[in-house]
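The file my_file.txt contains compact mmCIF, C-alpha atoms:
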# COMPACT_ATOMS: atom_id res chain seq x y z
CA MET A 904 91.62 121.04 77.22
CA ALA A 905 89.88 117.71 76.73
CA ASP A 906 93.26 115.97 76.49
CA ALA A 907 94.42 117.58 79.71
CA GLN A 908 91.23 116.50 81.45
CA GLU A 909 91.70 112.98 80.16
CA ILE A 910 95.26 112.90 81.52
CA VAL A 911 94.13 114.06 84.94
CA ARG A 912 91.34 111.50 84.93
CA SER A 913 93.76 108.73 83.94
CA LEU A 914 96.04 109.76 86.77
CA GLU A 915 93.16 109.31 89.18
CA TYR A 916 93.46 112.96 90.23
CA LEU A 917 96.54 112.15 92.30
CA PRO A 918 98.50 115.36 93.01
CA LEU A 919 101.93 113.71 92.89
CA ALA A 920 101.17 111.95 89.60
CA ILE A 921 99.75 115.14 88.06
CA ASP A 922 102.79 117.08 89.21
CA HIS A 923 105.15 114.56 87.62
CA ALA A 924 103.10 114.37 84.44
CA GLY A 925 103.02 118.16 84.09
CA ALA A 926 106.76 118.40 84.62
CA TYR A 927 107.37 115.58 82.12
CA ILE A 928 105.19 117.26 79.48
CA ALA A 929 106.99 120.56 79.99
CA ALA A 930 110.47 119.05 80.05
CA ARG A 931 109.90 116.94 76.94
CA GLN A 932 107.90 119.70 75.24
CA LEU A 933 105.02 117.37 74.47
CA LEU A 934 101.45 118.08 73.52
CA PHE A 935 98.86 116.80 75.97
CA SER A 936 97.63 114.46 73.27
CA GLU A 937 101.12 112.95 72.99
CA TYR A 938 101.43 112.22 76.67
CA LEU A 939 98.51 109.89 77.21
CA PRO A 940 99.62 107.10 74.82
CA ARG A 941 103.06 107.15 76.41
CA TYR A 942 101.59 107.00 79.87
CA LYS A 943 99.30 104.10 79.00
CA GLY A 944 102.13 102.20 77.31
CA ASN A 945 104.36 102.63 80.33
CA PHE A 946 101.57 101.73 82.73
CA ASN A 947 100.86 98.49 80.89
CA SER A 948 104.50 97.47 80.59
CA LEU A 949 105.19 98.29 84.23
CA MET A 950 102.23 96.27 85.42
CA ALA A 951 103.12 93.39 83.12
CA GLU A 952 106.62 93.40 84.50
CA LYS A 953 105.61 93.41 88.17
CA PRO A 954 101.87 93.08 88.42
CA GLU A 955 101.84 92.74 92.20
CA GLY A 956 105.21 94.16 93.03
CA TYR A 957 103.98 97.65 93.78
CA SER A 958 100.64 96.99 95.37
CA HIS A 959 101.42 99.28 98.29
CA TYR A 960 101.93 102.26 96.00
CA SER A 961 99.63 103.94 93.60
CA LYS A 962 100.28 102.38 90.24
CA THR A 963 99.50 105.59 88.40
CA ALA A 964 101.96 107.63 90.46
CA LEU A 965 104.54 104.91 90.09
CA THR A 966 104.13 105.04 86.32
CA THR A 967 104.58 108.81 86.12
CA TRP A 968 107.57 108.58 88.41
CA ASN A 969 109.05 105.79 86.33
CA MET A 970 108.60 107.74 83.10
CA SER A 971 110.33 110.76 84.59
CA PHE A 972 113.14 108.72 86.03
CA GLU A 973 113.77 106.92 82.74
CA ALA A 974 113.76 110.24 80.91
CA ILE A 975 116.36 111.60 83.30
CA GLN A 976 118.43 108.47 82.95
CA THR A 977 118.45 108.85 79.17
CA GLU A 978 118.92 112.60 79.12
CA ARG A 979 121.52 112.91 81.86
CA PRO A 980 122.65 109.65 83.51
CA GLY A 981 124.57 111.52 86.19
CA ALA A 982 121.35 113.15 87.37
CA ALA A 983 119.70 109.75 87.84
CA GLU A 984 122.71 108.57 89.81
CA LEU A 985 122.58 111.73 91.90
CA LEU A 986 118.89 111.22 92.68
CA ARG A 987 119.56 107.64 93.77
CA LEU A 988 122.37 108.76 95.98
CA CYS A 989 120.17 111.45 97.52
CA SER A 990 117.56 108.84 98.35
CA PHE A 991 119.90 107.64 101.08
CA LEU A 992 120.14 111.10 102.59
CA ASP A 993 117.51 112.86 104.64
CA LYS A 994 114.80 114.01 102.22
CA ASP A 995 114.04 117.48 103.57
CA ASP A 996 117.07 119.72 103.47
CA ILE A 997 119.83 118.64 101.11
CA PRO A 998 122.32 121.47 100.70
CA ASP A 999 123.61 122.05 97.17
CA MET A 1000 127.01 122.69 98.63
CA LEU A 1001 127.11 119.25 100.23
CA ILE A 1002 126.28 117.59 96.93
CA HIS A 1003 128.80 119.57 95.02
CA HIS A 1004 131.71 119.03 97.33
CA GLY A 1005 131.03 115.48 98.35
CA ARG A 1006 129.71 113.74 95.29
CA LYS A 1007 132.04 110.89 94.50
CA LEU A 1008 131.29 107.22 94.18
CA PRO A 1009 133.61 104.89 96.04
CA GLU A 1010 136.40 103.55 93.89
CA GLY A 1011 135.52 100.16 92.50
CA GLY A 1012 132.54 99.76 94.81
CA THR A 1013 133.43 98.78 98.37
CA CYS A 1014 130.56 96.40 98.89
CA ALA A 1015 132.73 93.62 100.25
CA MET B 31 126.00 138.21 101.53
CA ASP B 32 124.67 136.34 98.53
CA GLU B 33 121.02 135.38 99.02
CA ASN B 34 121.76 131.92 97.70
CA PHE B 35 123.48 131.04 100.94
CA PRO B 36 121.59 128.92 103.44
CA LYS B 37 119.83 130.93 106.11
CA GLU B 38 121.98 129.38 108.83
CA VAL B 39 125.17 130.41 107.15
CA ARG B 40 123.91 133.93 106.56
CA ALA B 41 122.87 134.12 110.19
CA LEU B 42 126.39 133.24 111.21
CA ASP B 43 127.86 135.86 108.95
CA ASN B 44 128.09 138.35 111.73
CA PRO B 45 130.35 141.27 110.85
CA ALA B 46 131.53 141.23 114.45
CA CYS B 47 133.06 137.85 113.79
CA GLY B 48 134.69 138.97 110.59
CA ILE B 49 133.25 136.05 108.69
CA ILE B 50 132.80 136.18 104.95
CA CYS B 51 131.65 133.21 102.96
CA ASP B 52 132.23 132.18 99.38
CA THR B 53 129.58 133.43 97.01
CA ARG B 54 129.21 130.42 94.73
CA PHE B 55 128.12 126.90 95.42
CA PHE B 56 129.16 125.43 92.13
CA ALA B 57 132.59 125.71 90.65
CA ASP B 58 131.60 123.61 87.67
CA ASP B 59 128.39 123.25 85.72
CA THR B 60 128.01 119.49 85.80
CA THR B 61 126.42 119.01 89.19
CA GLU B 62 124.36 122.14 88.81
CA ASN B 63 122.98 120.90 85.49
CA GLU B 64 122.20 117.51 86.99
CA LEU B 65 120.20 119.19 89.72
CA ILE B 66 118.42 121.36 87.17
CA THR B 67 117.45 118.22 85.24
CA ILE B 68 116.07 116.60 88.39
CA PHE B 69 114.10 119.75 89.24
CA SER B 70 112.76 120.04 85.70
CA TYR B 71 111.07 116.63 86.09
CA SER B 72 109.79 117.62 89.51
CA LEU B 73 111.54 114.71 91.20
CA ALA B 74 112.98 117.16 93.71
CA LYS B 75 112.08 120.71 94.60
CA ARG B 76 113.88 123.77 95.82
CA ASN B 77 113.38 124.67 99.47
CA ASP B 78 112.41 128.09 100.74
CA ILE B 79 115.90 128.17 102.23
CA PRO B 80 118.07 129.06 99.24
CA GLY B 81 120.77 126.61 98.29
CA SER B 82 118.97 123.46 99.36
CA PHE B 83 116.35 121.12 98.03
CA ARG B 84 113.97 118.38 99.15
CA ILE B 85 112.66 115.13 97.72
CA HIS B 86 109.05 114.00 98.06
CA SER B 87 108.86 111.14 100.53
CA ILE B 88 107.43 108.71 97.96
CA VAL B 89 110.02 109.62 95.34
CA HIS B 90 112.69 109.31 98.00
CA ARG B 91 111.51 105.79 98.79
CA TRP B 92 111.07 104.68 95.19
CA ALA B 93 114.49 105.87 94.13
CA ARG B 94 115.95 103.65 96.81
CA GLU B 95 113.75 100.63 96.22
CA GLN B 96 114.44 100.56 92.50
CA LEU B 97 118.00 99.49 93.25
CA ASP B 98 119.03 95.92 93.76
CA SER B 99 120.78 95.01 96.99
CA THR B 100 124.31 95.53 95.69
CA LYS B 101 123.50 98.91 94.19
CA GLN B 102 121.80 99.98 97.41
CA CYS B 103 124.90 99.05 99.31
CA GLU B 104 127.08 101.06 96.94
CA ALA B 105 124.73 104.01 97.12
CA VAL B 106 124.80 104.05 100.93
CA LEU B 107 128.57 104.03 100.85
CA ALA B 108 128.56 106.77 98.24
CA ALA B 109 126.23 108.81 100.44
CA ILE B 110 128.52 108.34 103.44
CA ASN B 111 131.44 109.30 101.28
CA LEU B 112 129.59 112.38 100.12
CA LEU B 113 128.84 113.40 103.69
CA ALA B 114 132.42 112.93 104.75
CA ASP B 115 133.69 115.06 101.90
CA GLY B 116 130.94 117.60 102.45
CA CYS B 117 131.78 117.81 106.14
CA THR B 118 135.44 118.29 105.60
CA TYR B 119 135.03 120.59 102.63
CA GLY B 120 136.95 123.78 102.99
CA SER B 121 138.81 122.89 106.15
CA THR B 122 140.97 125.86 105.35
CA LYS B 123 137.99 128.12 104.71
CA ARG B 124 135.60 130.09 106.84
CA THR B 125 134.28 128.92 110.17
CA ALA B 126 130.69 130.02 109.58
CA GLU B 127 130.40 128.01 106.41
CA LEU B 128 131.78 124.90 108.07
CA LEU B 129 129.69 125.13 111.20
CA GLY B 130 126.59 125.79 109.19
CA MET B 131 127.31 122.77 107.07
CA ALA B 132 128.13 120.57 110.08
CA SER B 133 124.81 121.26 111.74
CA ARG B 134 122.87 120.61 108.55
CA VAL B 135 124.71 117.41 107.74
CA ILE B 136 123.68 115.56 110.90
CA PRO B 137 120.16 114.57 109.70
CA HIS B 138 121.80 113.10 106.60
CA ILE B 139 124.25 111.11 108.68
CA ASP B 140 121.31 109.81 110.69
CA ALA B 141 119.55 108.84 107.46
CA CYS B 142 122.61 106.91 106.31
CA MET B 143 122.85 105.21 109.68
CA GLN B 144 119.21 104.22 109.42
CA ALA B 145 119.81 102.88 105.91
CA LEU B 146 122.68 100.80 107.24
CA LYS B 147 120.49 99.52 110.05
CA ASP B 148 117.80 98.57 107.53
CA ILE B 149 120.41 96.79 105.45
CA PHE B 150 121.65 94.72 108.35
CA GLU B 151 118.16 93.73 109.40
CA ASP B 152 117.48 92.34 105.94
CA ASP B 153 118.64 88.79 105.23
CA ARG B 154 119.60 89.75 101.69
CA TRP B 155 122.54 91.69 103.09
CA HIS B 156 124.32 88.79 104.71
CA ARG B 157 127.24 89.16 102.29
CA VAL B 158 127.93 92.73 103.30
CA SER B 159 130.48 93.18 106.00
CA PRO B 160 128.55 94.91 108.80
CA LYS B 161 131.63 95.68 110.79
CA THR B 162 133.21 97.59 107.94
CA LEU B 163 130.14 99.64 107.19
CA VAL B 164 129.26 100.47 110.76
CA THR B 165 132.80 101.40 111.59
CA LEU B 166 132.89 103.64 108.57
CA ALA B 167 129.62 105.31 109.38
CA ASP B 168 130.52 105.76 113.04
CA ALA B 169 133.82 107.28 112.10
CA TYR B 170 132.16 109.83 109.85
CA ARG B 171 129.47 110.60 112.38
CA TYR B 172 132.11 111.14 115.02
CA GLN B 173 134.02 113.37 112.69
CA ALA B 174 130.95 115.43 111.84
CA VAL B 175 129.54 115.78 115.32
CA ILE B 176 132.59 115.99 117.52
CA VAL B 177 135.90 116.42 115.84
CA MET B 178 135.24 118.98 113.17
CA PRO B 179 133.30 121.59 115.18
CA ARG B 180 135.77 121.23 118.03
CA ARG B 181 138.72 121.73 115.70
CA PHE B 182 137.30 124.94 114.33
CA LEU B 183 136.14 126.19 117.67
CA ASN B 184 139.60 125.63 119.07
CA THR B 185 141.10 127.53 116.19
CA ARG B 186 138.77 130.43 116.73
CA TRP B 187 139.20 130.30 120.49
CA MET B 188 142.88 130.92 119.98
CA SER B 189 142.35 133.77 117.58
CA ARG B 190 139.22 135.45 118.90
CA GLY B 191 138.76 134.52 122.53
CA ARG B 192 135.98 133.30 124.78
CA CYS B 193 133.28 135.65 123.47
CA PHE B 194 133.52 134.23 119.99
CA LEU B 195 133.42 130.69 121.32
CA SER B 196 130.21 131.26 123.29
CA ARG B 197 128.52 132.94 120.37
CA THR B 198 129.52 130.21 117.94
CA LEU B 199 128.44 127.43 120.29
CA ALA B 200 125.08 129.11 120.72
CA CYS B 201 124.61 129.34 116.96
CA CYS B 202 125.74 125.77 116.46
CA PHE B 203 123.65 124.01 119.07
CA VAL B 204 120.43 126.02 119.31
Could you write out this file's structure as structure tokens?
Amino acid sequence: MADAQEIVRSLEYLPLAIDHAGAYIAARQLLFSEYLPRYKGNFNSLMAEKPEGYSHYSKTALTTWNMSFEAIQTERPGAAELLRLCSFLDKDDIPDMLIHHGRKLPEGGTCA
Amino acid sequence: MDENFPKEVRALDNPACGIICDTRFFADDTTENELITIFSYSLAKRNDIPGSFRIHSIVHRWAREQLDSTKQCEAVLAAINLLADGCTYGSTKRTAELLGMASRVIPHIDACMQALKDIFEDDRWHRVSPKTLVTLADAYRYQAVIVMPRRFLNTRWMSRGRCFLSRTLACCFV
């Protein structure tokens, strides 16, 4: 319980960050005590990489998001690609059927 | 009808129209498993309407901003491609499914159009051919909004008469 409280405190009680952290812990089957060192390591490396690049976002939420996204990218690269693609669609009602029947990247990239 | 179908499609499945929809969204497991992975990390969530999902606005923005300019361009084109294929999916299949999909696809076309607009207003995109992209997007929007519903309505008009047309138009544009 103390570890869980420490995680929530480190995440500055942000609902989105807590949601992502909880999902990450469940998906990776981690102990609470295993999560915090990972989070802190990622936070430090992210801030070292772009210390001012994300000033308009919560750095804690960005870290949890980044950890989740990297995990997805490692676990199932197609899922990361799908999420990126969906970020250019409307965010509220994305039909599964649309994704299934339309999901193809343009041949050779048509960014001419 | 299967509860996994979007509400709009189920609403259109009026026995009087003789419409029956497919009962599965996914013919293969790959896309389904990719979505399950995304949901498991809580980067997207299922909607109350079965068969659709949503992305938190911040996640939605971050996923886009993590890409460099070239990748963003490719992703917009991929999204437009996806919408075009999604719109035209099952052109030989049931009217209700297609009309339901057409009406739900419009916000996504608008989002792609907005993304294109954002791209063109950013100096980093000067190497992208605006004419090509806008023409492409306009063509797909036209197809989704005008051509496709009209084609299916015309088909049904011929086979089912004016009553069906009025009912379908009402469902489509309310």
Enter the distance from CA of Ile136 (chain B) to CA of Gln96 (chain B), in Å, rounded to one decimal.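 Atom-to-atom, CA of Ile136 (chain B) and CA of Gln96 (chain B) are spaced 25.5 Å apart.
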Between CA of Ser990 (chain A) and CA of Asp922 (chain A), what is the distance in Å, rounded to a tenth?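 That distance, rounded to one decimal, is 19.2 Å.
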Shell of 10 Å around Glu984 (chain A), all atoms listed in the file, local chain residues under 2 positions omitted, as a PyMOL selection string: (chain A and resi 975-976+979-982+986-990+1008) or (chain B and resi 64+93+105)
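Reported to one decimal place, the separation of CA of Ile139 (chain B) from CA of Lys75 (chain B) is 20.9 Å.
Ranking B:Ala74, B:Met143, B:Leu107, B:Leu112 by their shortest atom-to-atom distance to chain A, with only C-alpha atoms included, puts B:Leu112 first.
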Considering all atoms listed in the file, can you say which of B:Ser82, B:Ser99, B:Ser133, B:Thr60 comes closest to chain A?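 With all atoms listed in the file as the atom set, the closest residue is B:Ser82.
The residue that comes closest to chain B, out of A:Thr963, A:Ala926, A:Phe972, A:Leu934 and on the basis of all atoms listed in the file, is A:Ala926.
Shortest atom-to-atom contact with chain A among B:Asn63, B:Ile79, B:Ile85, B:Trp92: B:Ile85, counting only C-alpha atoms.
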Could you check the closest approach to chain A for each of B:Val135, B:Leu97, B:Ala108, B:Ile66 and tell me which residue wins, using all atoms listed in the file? B:Ala108
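Here the question is which of B:His138, B:Lys101, B:Arg94, B:His86 gets nearest to Phe69 (chain B) using only C-alpha atoms, and that residue is B:His86.
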